[in-house]
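Visitor: Dumping the structure here so I can ask a few things about it.
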Amino acid sequence: MPPFERICHMRDVSPWIDRFAGLVPPGASVLDLACGGGRHGRVFLERGARGTCRDRNVSAVADLAGRVEIIGADLESGDPFPLAGRSFDAVVVTNYLYRPLFPDLVALLAEGGVLLYETFAAGNENYDRPGNPRHLLQPGELLEAVAGRLQVVAYETGVETRPVGPKVIQRLCAVRTGDPVALPLPGR
Ligand SMILES: C[S@@+](CC[C@H](N)C(=O)[O-])C[C@H]1O[C@@H](n2cnc3c(N)ncnc32)[C@H](O)[C@@H]1O
């Protein structure tokens, strides 16, 4: 299977999400946006969170019905953002980019809420899909998306070769708080 297809079908938690999962307390409300198979919604469910999984194709999370809120809808239809007015303790987005949603995602976070974002960045077109600039973050773009609104706890960007790659990636963990954030031990 080509690298991008392997990424779309990954079941294991992203090490980046795992690293900061401890910032999200049990019982928290967690949105896994463009969830695919819901690998991160599942992780937070196991950790005692109340999950919402949203994707235009929710067939791969059908087994979670009754345990998480499942919303099947197009995020890029141009309609007003359907989750507007709701708030979550964590919003998780991996391997998906539709940049007009950035302000909505930040607005979804409750006080103390955590944004965990990880997706492909410019330069990835030299290796594999996605190669369309619409689907690739520009340098520092995640930082700009939260600047002045969330506290950046961690940011990373570069070329990665494992577990699947090579790929150019950008990652962010940011929190809606002005206070120092107690950094979690990995996986806690
Ligand atoms: C590469 S997969 C990533 C899945 C998951 N986040 C992960 O990392 O395992 C991208 C996901 O974005 C979803 N997606 C793409 N365009 C979408 C749209 N316009 N509205 C809602 N979901 C969309 C796809 O259905 C797919 O599940």
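Just remember, in the structure tokens the first chain shown is A, the second B, etc., residues are 1-based per chain, and ligands are 1-based in the order shown.
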Check every protein, DNA and RNA residue against ligand 1, keep those with an atom at most 8 Å away (counting only C-alpha atoms and all ligand atoms), and present them as JSON, numbers by chain.
Guide: {"A": [4, 5, 7, 8, 9, 10, 11, 14, 32, 33, 34, 35, 36, 37, 38, 39, 40, 54, 55, 56, 57, 58, 72, 73, 74, 75, 76, 77, 93, 94, 95, 96, 98]}
Visitor: List the spatial neighbours of A:Val152 as a PyMOL selection string - criterion: any atom at most 9 Å away, only C-alpha atoms, same-chain residues fewer than 3 positions off excluded.
Guide: chain A and resi 143+146-147+155+172-176
Visitor: For the residues in that selection, give me all heavy atoms as a PDB file, in the first residue's frame.
Guide:
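Resulting contents of again-v2.pdb:
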ATOM      1  N   LEU A 143       1.057  27.786  13.823  1.00  0.00           N
ATOM      2  CA  LEU A 143       1.358  28.806  14.835  1.00  0.00           C
ATOM      3  C   LEU A 143       0.547  30.067  14.570  1.00  0.00           C
ATOM      4  O   LEU A 143      -0.012  30.672  15.498  1.00  0.00           O
ATOM      5  CB  LEU A 143       2.851  29.131  14.824  1.00  0.00           C
ATOM      6  CG  LEU A 143       3.789  28.034  15.318  1.00  0.00           C
ATOM      7  CD1 LEU A 143       5.241  28.433  15.083  1.00  0.00           C
ATOM      8  CD2 LEU A 143       3.544  27.747  16.793  1.00  0.00           C
ATOM      9  N   VAL A 146      -3.226  30.080  15.617  1.00  0.00           N
ATOM     10  CA  VAL A 146      -3.608  30.196  17.033  1.00  0.00           C
ATOM     11  C   VAL A 146      -2.997  31.422  17.702  1.00  0.00           C
ATOM     12  O   VAL A 146      -3.268  31.685  18.876  1.00  0.00           O
ATOM     13  CB  VAL A 146      -3.223  28.913  17.820  1.00  0.00           C
ATOM     14  CG1 VAL A 146      -3.856  27.693  17.169  1.00  0.00           C
ATOM     15  CG2 VAL A 146      -1.723  28.751  17.950  1.00  0.00           C
ATOM     16  N   ALA A 147      -2.193  32.153  16.961  1.00  0.00           N
ATOM     17  CA  ALA A 147      -1.451  33.288  17.553  1.00  0.00           C
ATOM     18  C   ALA A 147      -2.396  34.263  18.241  1.00  0.00           C
ATOM     19  O   ALA A 147      -3.402  34.697  17.671  1.00  0.00           O
ATOM     20  CB  ALA A 147      -0.654  34.003  16.477  1.00  0.00           C
ATOM     21  N   TYR A 155       5.357  22.706  19.300  1.00  0.00           N
ATOM     22  CA  TYR A 155       5.237  22.823  17.835  1.00  0.00           C
ATOM     23  C   TYR A 155       6.424  22.091  17.241  1.00  0.00           C
ATOM     24  O   TYR A 155       7.532  22.160  17.764  1.00  0.00           O
ATOM     25  CB  TYR A 155       5.267  24.298  17.433  1.00  0.00           C
ATOM     26  CG  TYR A 155       5.348  24.535  15.947  1.00  0.00           C
ATOM     27  CD1 TYR A 155       4.227  24.433  15.138  1.00  0.00           C
ATOM     28  CD2 TYR A 155       6.563  24.877  15.345  1.00  0.00           C
ATOM     29  CE1 TYR A 155       4.296  24.674  13.772  1.00  0.00           C
ATOM     30  CE2 TYR A 155       6.643  25.118  13.983  1.00  0.00           C
ATOM     31  CZ  TYR A 155       5.507  25.012  13.204  1.00  0.00           C
ATOM     32  OH  TYR A 155       5.582  25.244  11.858  1.00  0.00           O
ATOM     33  N   LEU A 172       1.090  20.628  16.247  1.00  0.00           N
ATOM     34  CA  LEU A 172       0.883  21.670  17.254  1.00  0.00           C
ATOM     35  C   LEU A 172       0.113  21.102  18.430  1.00  0.00           C
ATOM     36  O   LEU A 172      -0.791  20.284  18.260  1.00  0.00           O
ATOM     37  CB  LEU A 172       0.058  22.807  16.629  1.00  0.00           C
ATOM     38  CG  LEU A 172      -0.325  23.949  17.559  1.00  0.00           C
ATOM     39  CD1 LEU A 172       0.766  25.015  17.542  1.00  0.00           C
ATOM     40  CD2 LEU A 172      -1.646  24.580  17.135  1.00  0.00           C
ATOM     41  N   CYS A 173       0.496  21.552  19.605  1.00  0.00           N
ATOM     42  CA  CYS A 173      -0.343  21.385  20.797  1.00  0.00           C
ATOM     43  C   CYS A 173      -0.498  22.779  21.388  1.00  0.00           C
ATOM     44  O   CYS A 173       0.500  23.439  21.693  1.00  0.00           O
ATOM     45  CB  CYS A 173       0.315  20.436  21.800  1.00  0.00           C
ATOM     46  SG  CYS A 173      -0.542  20.420  23.410  1.00  0.00           S
ATOM     47  N   ALA A 174      -1.738  23.237  21.517  1.00  0.00           N
ATOM     48  CA  ALA A 174      -1.982  24.585  22.040  1.00  0.00           C
ATOM     49  C   ALA A 174      -3.195  24.533  22.955  1.00  0.00           C
ATOM     50  O   ALA A 174      -4.114  23.737  22.750  1.00  0.00           O
ATOM     51  CB  ALA A 174      -2.209  25.572  20.898  1.00  0.00           C
ATOM     52  N   VAL A 175      -3.177  25.399  23.974  1.00  0.00           N
ATOM     53  CA  VAL A 175      -4.194  25.349  25.026  1.00  0.00           C
ATOM     54  C   VAL A 175      -4.806  26.734  25.223  1.00  0.00           C
ATOM     55  O   VAL A 175      -4.097  27.748  25.189  1.00  0.00           O
ATOM     56  CB  VAL A 175      -3.568  24.855  26.354  1.00  0.00           C
ATOM     57  CG1 VAL A 175      -4.618  24.787  27.449  1.00  0.00           C
ATOM     58  CG2 VAL A 175      -2.919  23.488  26.155  1.00  0.00           C
ATOM     59  N   ARG A 176      -6.120  26.745  25.446  1.00  0.00           N
ATOM     60  CA  ARG A 176      -6.786  28.018  25.734  1.00  0.00           C
ATOM     61  C   ARG A 176      -6.613  28.343  27.215  1.00  0.00           C
ATOM     62  O   ARG A 176      -7.458  27.999  28.053  1.00  0.00           O
ATOM     63  CB  ARG A 176      -8.276  27.962  25.382  1.00  0.00           C
ATOM     64  CG  ARG A 176      -8.971  29.305  25.605  1.00  0.00           C
ATOM     65  CD  ARG A 176     -10.455  29.216  25.401  1.00  0.00           C
ATOM     66  NE  ARG A 176     -10.812  29.009  24.024  1.00  0.00           N
ATOM     67  CZ  ARG A 176     -10.759  29.940  23.060  1.00  0.00           C
ATOM     68  NH1 ARG A 176     -10.315  31.140  23.347  1.00  0.00           N
ATOM     69  NH2 ARG A 176     -11.126  29.657  21.848  1.00  0.00           N
TER      70      ARG A 176
END
Visitor: Need the shell around stretch 133-137 of chain A: protein/DNA/RNA residues with any atom at most 12 Å away, counting only C-alpha atoms. Skip same-chain ones fewer than 4 positions apart. Format as a ChimeraX atom specification?
Guide: /A:94-100,102,117-126,128-129,141-145,157-158,167-172
Visitor: If DSSP is run on the backbone, what residues of stretch 74-173 of chain A are alpha helix (DSSP H)? A reply as a list in words would be ideal.
Guide: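 Reading the DSSP output for stretch 74-173 of chain A, alpha helix (DSSP H) covers Phe102, Pro103, Asp104, Leu105, Val106, Ala107, Glu141, Leu142, Leu143, Glu144, Ala145 and Val146 of chain A.
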Visitor: If you take only C-alpha atoms and a cut-off of 7 Å, which residues of stretch 18-133 of chain A touch stretch 178-186 of chain A, and what are their nearest atom pairs and distances in Å to one decimal, in chain and number order, as CSV?
Guide:
residue,atom,partner,partner_atom,distance
A:Asp18,CA,A:Pro186,CA,6.4
A:Arg19,CA,A:Pro186,CA,4.3
A:Phe20,CA,A:Pro184,CA,6.4
A:Gly22,CA,A:Pro184,CA,5.3
A:Leu23,CA,A:Pro184,CA,6.3
Visitor: What separation in Å, quoted to one decimal, exists between atom CA of A:Val43 and atom CA of A:Asp63?
Guide: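 Taking atom CA of A:Val43 and atom CA of A:Asp63, their separation equals 14.3 Å.
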Visitor: Could you tell me how far atom CA of A:Val92 lies from atom CA of A:Arg149, in Å and to one decimal?
Guide: 17.0 Å
Visitor: Could you please determine the separation between atom CA of A:Asp89 and atom CA of A:Pro26 in Å, to one decimal place?
Guide: 10.4 Å
Visitor: Enumerate, as a ChimeraX atom specification, the complete set of residues in chain A that a backbone-based DSSP assignment places in strand (DSSP E or B).
Guide: /A:29-33,50-55,65,68-72,88-94,109-121,137,151-160,167-175
